[in-house]
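Take a look at the structure below.
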Amino acid sequence: PSQVAADYYRFQLLTGCRGIEIHGHKLHGYPPITVGDVDQRSGRVVLRDTKNRADHKLLLSTQALEIARRNCAGREADDPLFPIVDARKTLAWINARAGTKVQGHGLRATFASIAEELVSSALLKRMMNHAAVGDVTLGHYVAKSEAQLRAGWQAVADFFEDAATRE
């Protein structure tokens, strides 16, 4: 029923973001992704002041970038990337059609479950924006380049695209 809400859920599945990192949360002070946060040329989005109180850079797969571009088109820099009030109606519609009971945060778990098979745990932890506090190895010794991170997101997106094509 809503292309914007469907794009929001696809974007969440392809990036592993928390819902509040995408659409914001007024009570907790999280800003939504805005059109201005999307760097279409380099395929990057900066999530501002996330749950672990730091910015997080998403290096978008080609599929996620296409969704971002579509939702940036004709909009102002301060506009939310996904201007939705209640995407749950779209998710309920999708669940009814698919015979599933997926919840929004379940898409993050699905992302992590698939990515865990495709990338190293250190890369997955960085992709999901989990803090490395107390993890000396990840916090001080294991570095991951932007190319490695982008390849991780692309591998997950390609997996989902291949699975959807087979279905």
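Every chain in the structure tokens has a letter given in the order shown (A, B, ...), and although residue numbers restart at 1 in each chain, ligands are simply numbered from 1 in the order shown.
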Checklist line | Spatial neighbours of stretch 154-162 of chain A, 9 Å, only C-alpha atoms, chain gap at least 6 places, as an MDAnalysis selection string | finding: chainID A and resid 13:15 59:64 111 114:115 118:119
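Within stretch 133-162 of chain A, residues classed as helix (DSSP H, G or I) by DSSP on backbone coordinates are Val136, Thr137, Leu138, Gly139, His140, Tyr141, Glu146, Ala147, Gln148, Leu149, Arg150, Ala151, Gly152, Trp153, Gln154, Ala155, Val156, Ala157, Asp158, Phe159, Phe160, Glu161 and Asp162 of chain A.
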From chain A, collect each residue whose DSSP state is strand (DSSP E) and return the set as an mmCIF file with N, CA, C and O atoms, in the first residue's frame.
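Result file out25.cif:
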data_model
loop_
_atom_site.group_PDB
_atom_site.id
_atom_site.type_symbol
_atom_site.label_atom_id
_atom_site.label_comp_id
_atom_site.auth_asym_id
_atom_site.auth_seq_id
_atom_site.Cartn_x
_atom_site.Cartn_y
_atom_site.Cartn_z
ATOM 1 N N VAL A 38 22.408 11.586 2.701
ATOM 2 C CA VAL A 38 22.724 10.612 1.658
ATOM 3 C C VAL A 38 23.698 11.230 0.663
ATOM 4 O O VAL A 38 23.398 12.236 0.027
ATOM 5 N N ASP A 39 24.866 10.642 0.544
ATOM 6 C CA ASP A 39 25.832 11.043 -0.477
ATOM 7 C C ASP A 39 25.664 10.063 -1.636
ATOM 8 O O ASP A 39 26.222 8.962 -1.615
ATOM 9 N N ARG A 44 27.089 6.671 0.280
ATOM 10 C CA ARG A 44 27.255 6.662 1.736
ATOM 11 C C ARG A 44 26.099 7.375 2.421
ATOM 12 O O ARG A 44 25.539 8.317 1.883
ATOM 13 N N VAL A 45 25.811 6.923 3.608
ATOM 14 C CA VAL A 45 24.864 7.598 4.476
ATOM 15 C C VAL A 45 25.502 7.658 5.859
ATOM 16 O O VAL A 45 26.053 6.658 6.332
ATOM 17 N N VAL A 46 25.435 8.816 6.482
ATOM 18 C CA VAL A 46 25.926 8.937 7.851
ATOM 19 C C VAL A 46 24.721 8.962 8.785
ATOM 20 O O VAL A 46 23.842 9.814 8.655
ATOM 21 N N LEU A 47 24.682 7.990 9.686
ATOM 22 C CA LEU A 47 23.654 7.957 10.720
ATOM 23 C C LEU A 47 24.182 8.786 11.881
ATOM 24 O O LEU A 47 25.274 8.526 12.390
ATOM 25 N N HIS A 56 27.569 6.757 12.583
ATOM 26 C CA HIS A 56 27.862 5.480 11.925
ATOM 27 C C HIS A 56 27.722 5.669 10.423
ATOM 28 O O HIS A 56 26.728 6.210 9.959
ATOM 29 N N LYS A 57 28.742 5.228 9.682
ATOM 30 C CA LYS A 57 28.733 5.372 8.236
ATOM 31 C C LYS A 57 28.256 4.082 7.585
ATOM 32 O O LYS A 57 28.822 3.016 7.817
ATOM 33 N N LEU A 58 27.208 4.205 6.767
ATOM 34 C CA LEU A 58 26.738 3.083 5.951
ATOM 35 C C LEU A 58 27.359 3.216 4.574
ATOM 36 O O LEU A 58 27.295 4.285 3.966
ATOM 37 N N LEU A 59 27.929 2.143 4.087
ATOM 38 C CA LEU A 59 28.450 2.101 2.724
ATOM 39 C C LEU A 59 27.479 1.236 1.935
ATOM 40 O O LEU A 59 27.489 0.014 2.050
#
Margin query: Which residues are close to A:Cys72, i.e. within 12 Å by only C-alpha atoms, leaving aside same-chain residues fewer than 2 positions away? Reply as a ChimeraX atom specification.
Written below: /A:4,7,33-40,65-70,74-83
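Between atom CA of A:Leu107 and atom CA of A:Asp49 the separation is 21.3 Å.
Distances here use only C-alpha atoms; by that measure, the residue among A:Gln12, A:Asn71, A:Asn129, A:Ser145 closest to A:Arg108 is A:Gln12.
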Checklist line | Using only C-alpha atoms: which of A:Ala143, A:Ile94, A:Met128, A:Leu149 has the shortest distance to A:Asn52 | finding: A:Met128
Next item on the list: Using only C-alpha atoms, determine which residues lie at most 12 Å from A:Arg53, disregarding the query and same-chain residues fewer than 2 positions distant; provide the list as number ranges by chain.
Entry: A: 21, 28-31, 47-51, 55-56, 129-131
Dump as a compact mmCIF listing (two decimals), in the first residue's frame, selection limited to N, CA, C and O atoms:
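Writing the result to selection_19.txt gives the following:
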# COMPACT_ATOMS: atom_id res chain seq x y z
N GLU A 21 17.30 4.26 13.77
CA GLU A 21 18.41 4.91 13.08
C GLU A 21 17.95 5.43 11.72
O GLU A 21 18.55 6.35 11.18
N HIS A 28 13.87 9.56 22.34
CA HIS A 28 15.29 9.30 22.65
C HIS A 28 16.23 10.29 21.96
O HIS A 28 17.44 10.20 22.13
N GLY A 29 15.68 11.19 21.18
CA GLY A 29 16.50 12.22 20.54
C GLY A 29 17.29 11.76 19.34
O GLY A 29 18.29 12.38 18.99
N TYR A 30 16.86 10.67 18.68
CA TYR A 30 17.56 10.21 17.48
C TYR A 30 16.98 10.89 16.26
O TYR A 30 15.77 10.83 16.03
N PRO A 31 17.82 11.54 15.46
CA PRO A 31 17.31 12.18 14.24
C PRO A 31 17.09 11.13 13.14
O PRO A 31 17.79 10.13 13.09
N LEU A 47 24.68 7.99 9.69
CA LEU A 47 23.65 7.96 10.72
C LEU A 47 24.18 8.79 11.88
O LEU A 47 25.27 8.53 12.39
N ARG A 48 23.41 9.77 12.29
CA ARG A 48 23.86 10.71 13.32
C ARG A 48 23.48 10.24 14.72
O ARG A 48 22.36 9.81 14.95
N ASP A 49 24.44 10.32 15.63
CA ASP A 49 24.20 10.10 17.06
C ASP A 49 23.34 8.85 17.31
O ASP A 49 22.24 8.92 17.82
N THR A 50 23.87 7.70 16.95
CA THR A 50 23.14 6.44 17.03
C THR A 50 23.04 5.94 18.47
O THR A 50 23.49 6.60 19.40
N LYS A 51 22.50 4.76 18.63
CA LYS A 51 22.26 4.18 19.96
C LYS A 51 23.53 4.15 20.81
O LYS A 51 23.47 4.36 22.02
N ASP A 55 28.33 8.61 15.56
CA ASP A 55 27.88 8.54 14.18
C ASP A 55 28.31 7.20 13.59
O ASP A 55 29.28 6.59 14.03
N HIS A 56 27.57 6.76 12.58
CA HIS A 56 27.86 5.48 11.92
C HIS A 56 27.72 5.67 10.42
O HIS A 56 26.73 6.21 9.96
N ASN A 129 27.09 -1.62 13.67
CA ASN A 129 27.33 -0.50 14.57
C ASN A 129 27.27 -0.94 16.04
O ASN A 129 26.71 -0.26 16.88
N HIS A 130 27.87 -2.07 16.32
CA HIS A 130 27.99 -2.51 17.71
C HIS A 130 29.31 -1.98 18.26
O HIS A 130 30.34 -2.07 17.60
N ALA A 131 29.25 -1.45 19.45
CA ALA A 131 30.44 -0.86 20.06
C ALA A 131 31.49 -1.93 20.35
O ALA A 131 31.16 -3.07 20.68
Note to self: Using only C-alpha atoms, can you tell me which of A:Ile20, A:Ala122, A:Glu167, A:Ala151 comes closest to A:Ala98?
What the structure shows: A:Glu167
Checklist line | Long-range neighbours of A:Ser2 as a list in words, 10 Å cut-off, only C-alpha atoms, 2 positions minimum in chain | finding: Val4, Ala5, Ala6, Asp7, Tyr8, Ile84, Ala87, Lys89, Thr90, Leu91 and Trp93 of chain A
The selected residues should be written to file as an mmCIF file, in the first residue's frame (atoms: C-alpha atoms).
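Final output, saved to selection_30.cif:
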data_model
loop_
_atom_site.group_PDB
_atom_site.id
_atom_site.type_symbol
_atom_site.label_atom_id
_atom_site.label_comp_id
_atom_site.auth_asym_id
_atom_site.auth_seq_id
_atom_site.Cartn_x
_atom_site.Cartn_y
_atom_site.Cartn_z
ATOM 1 C CA VAL A 4 7.859 4.592 0.767
ATOM 2 C CA ALA A 5 7.166 2.214 3.667
ATOM 3 C CA ALA A 6 8.130 -0.791 1.536
ATOM 4 C CA ASP A 7 11.386 0.981 0.602
ATOM 5 C CA TYR A 8 11.995 1.725 4.279
ATOM 6 C CA ILE A 84 6.391 7.708 6.958
ATOM 7 C CA ALA A 87 5.120 1.777 8.474
ATOM 8 C CA LYS A 89 0.529 -1.059 8.276
ATOM 9 C CA THR A 90 2.747 -1.895 5.305
ATOM 10 C CA LEU A 91 4.555 -4.558 7.309
ATOM 11 C CA TRP A 93 0.162 -6.102 4.663
#
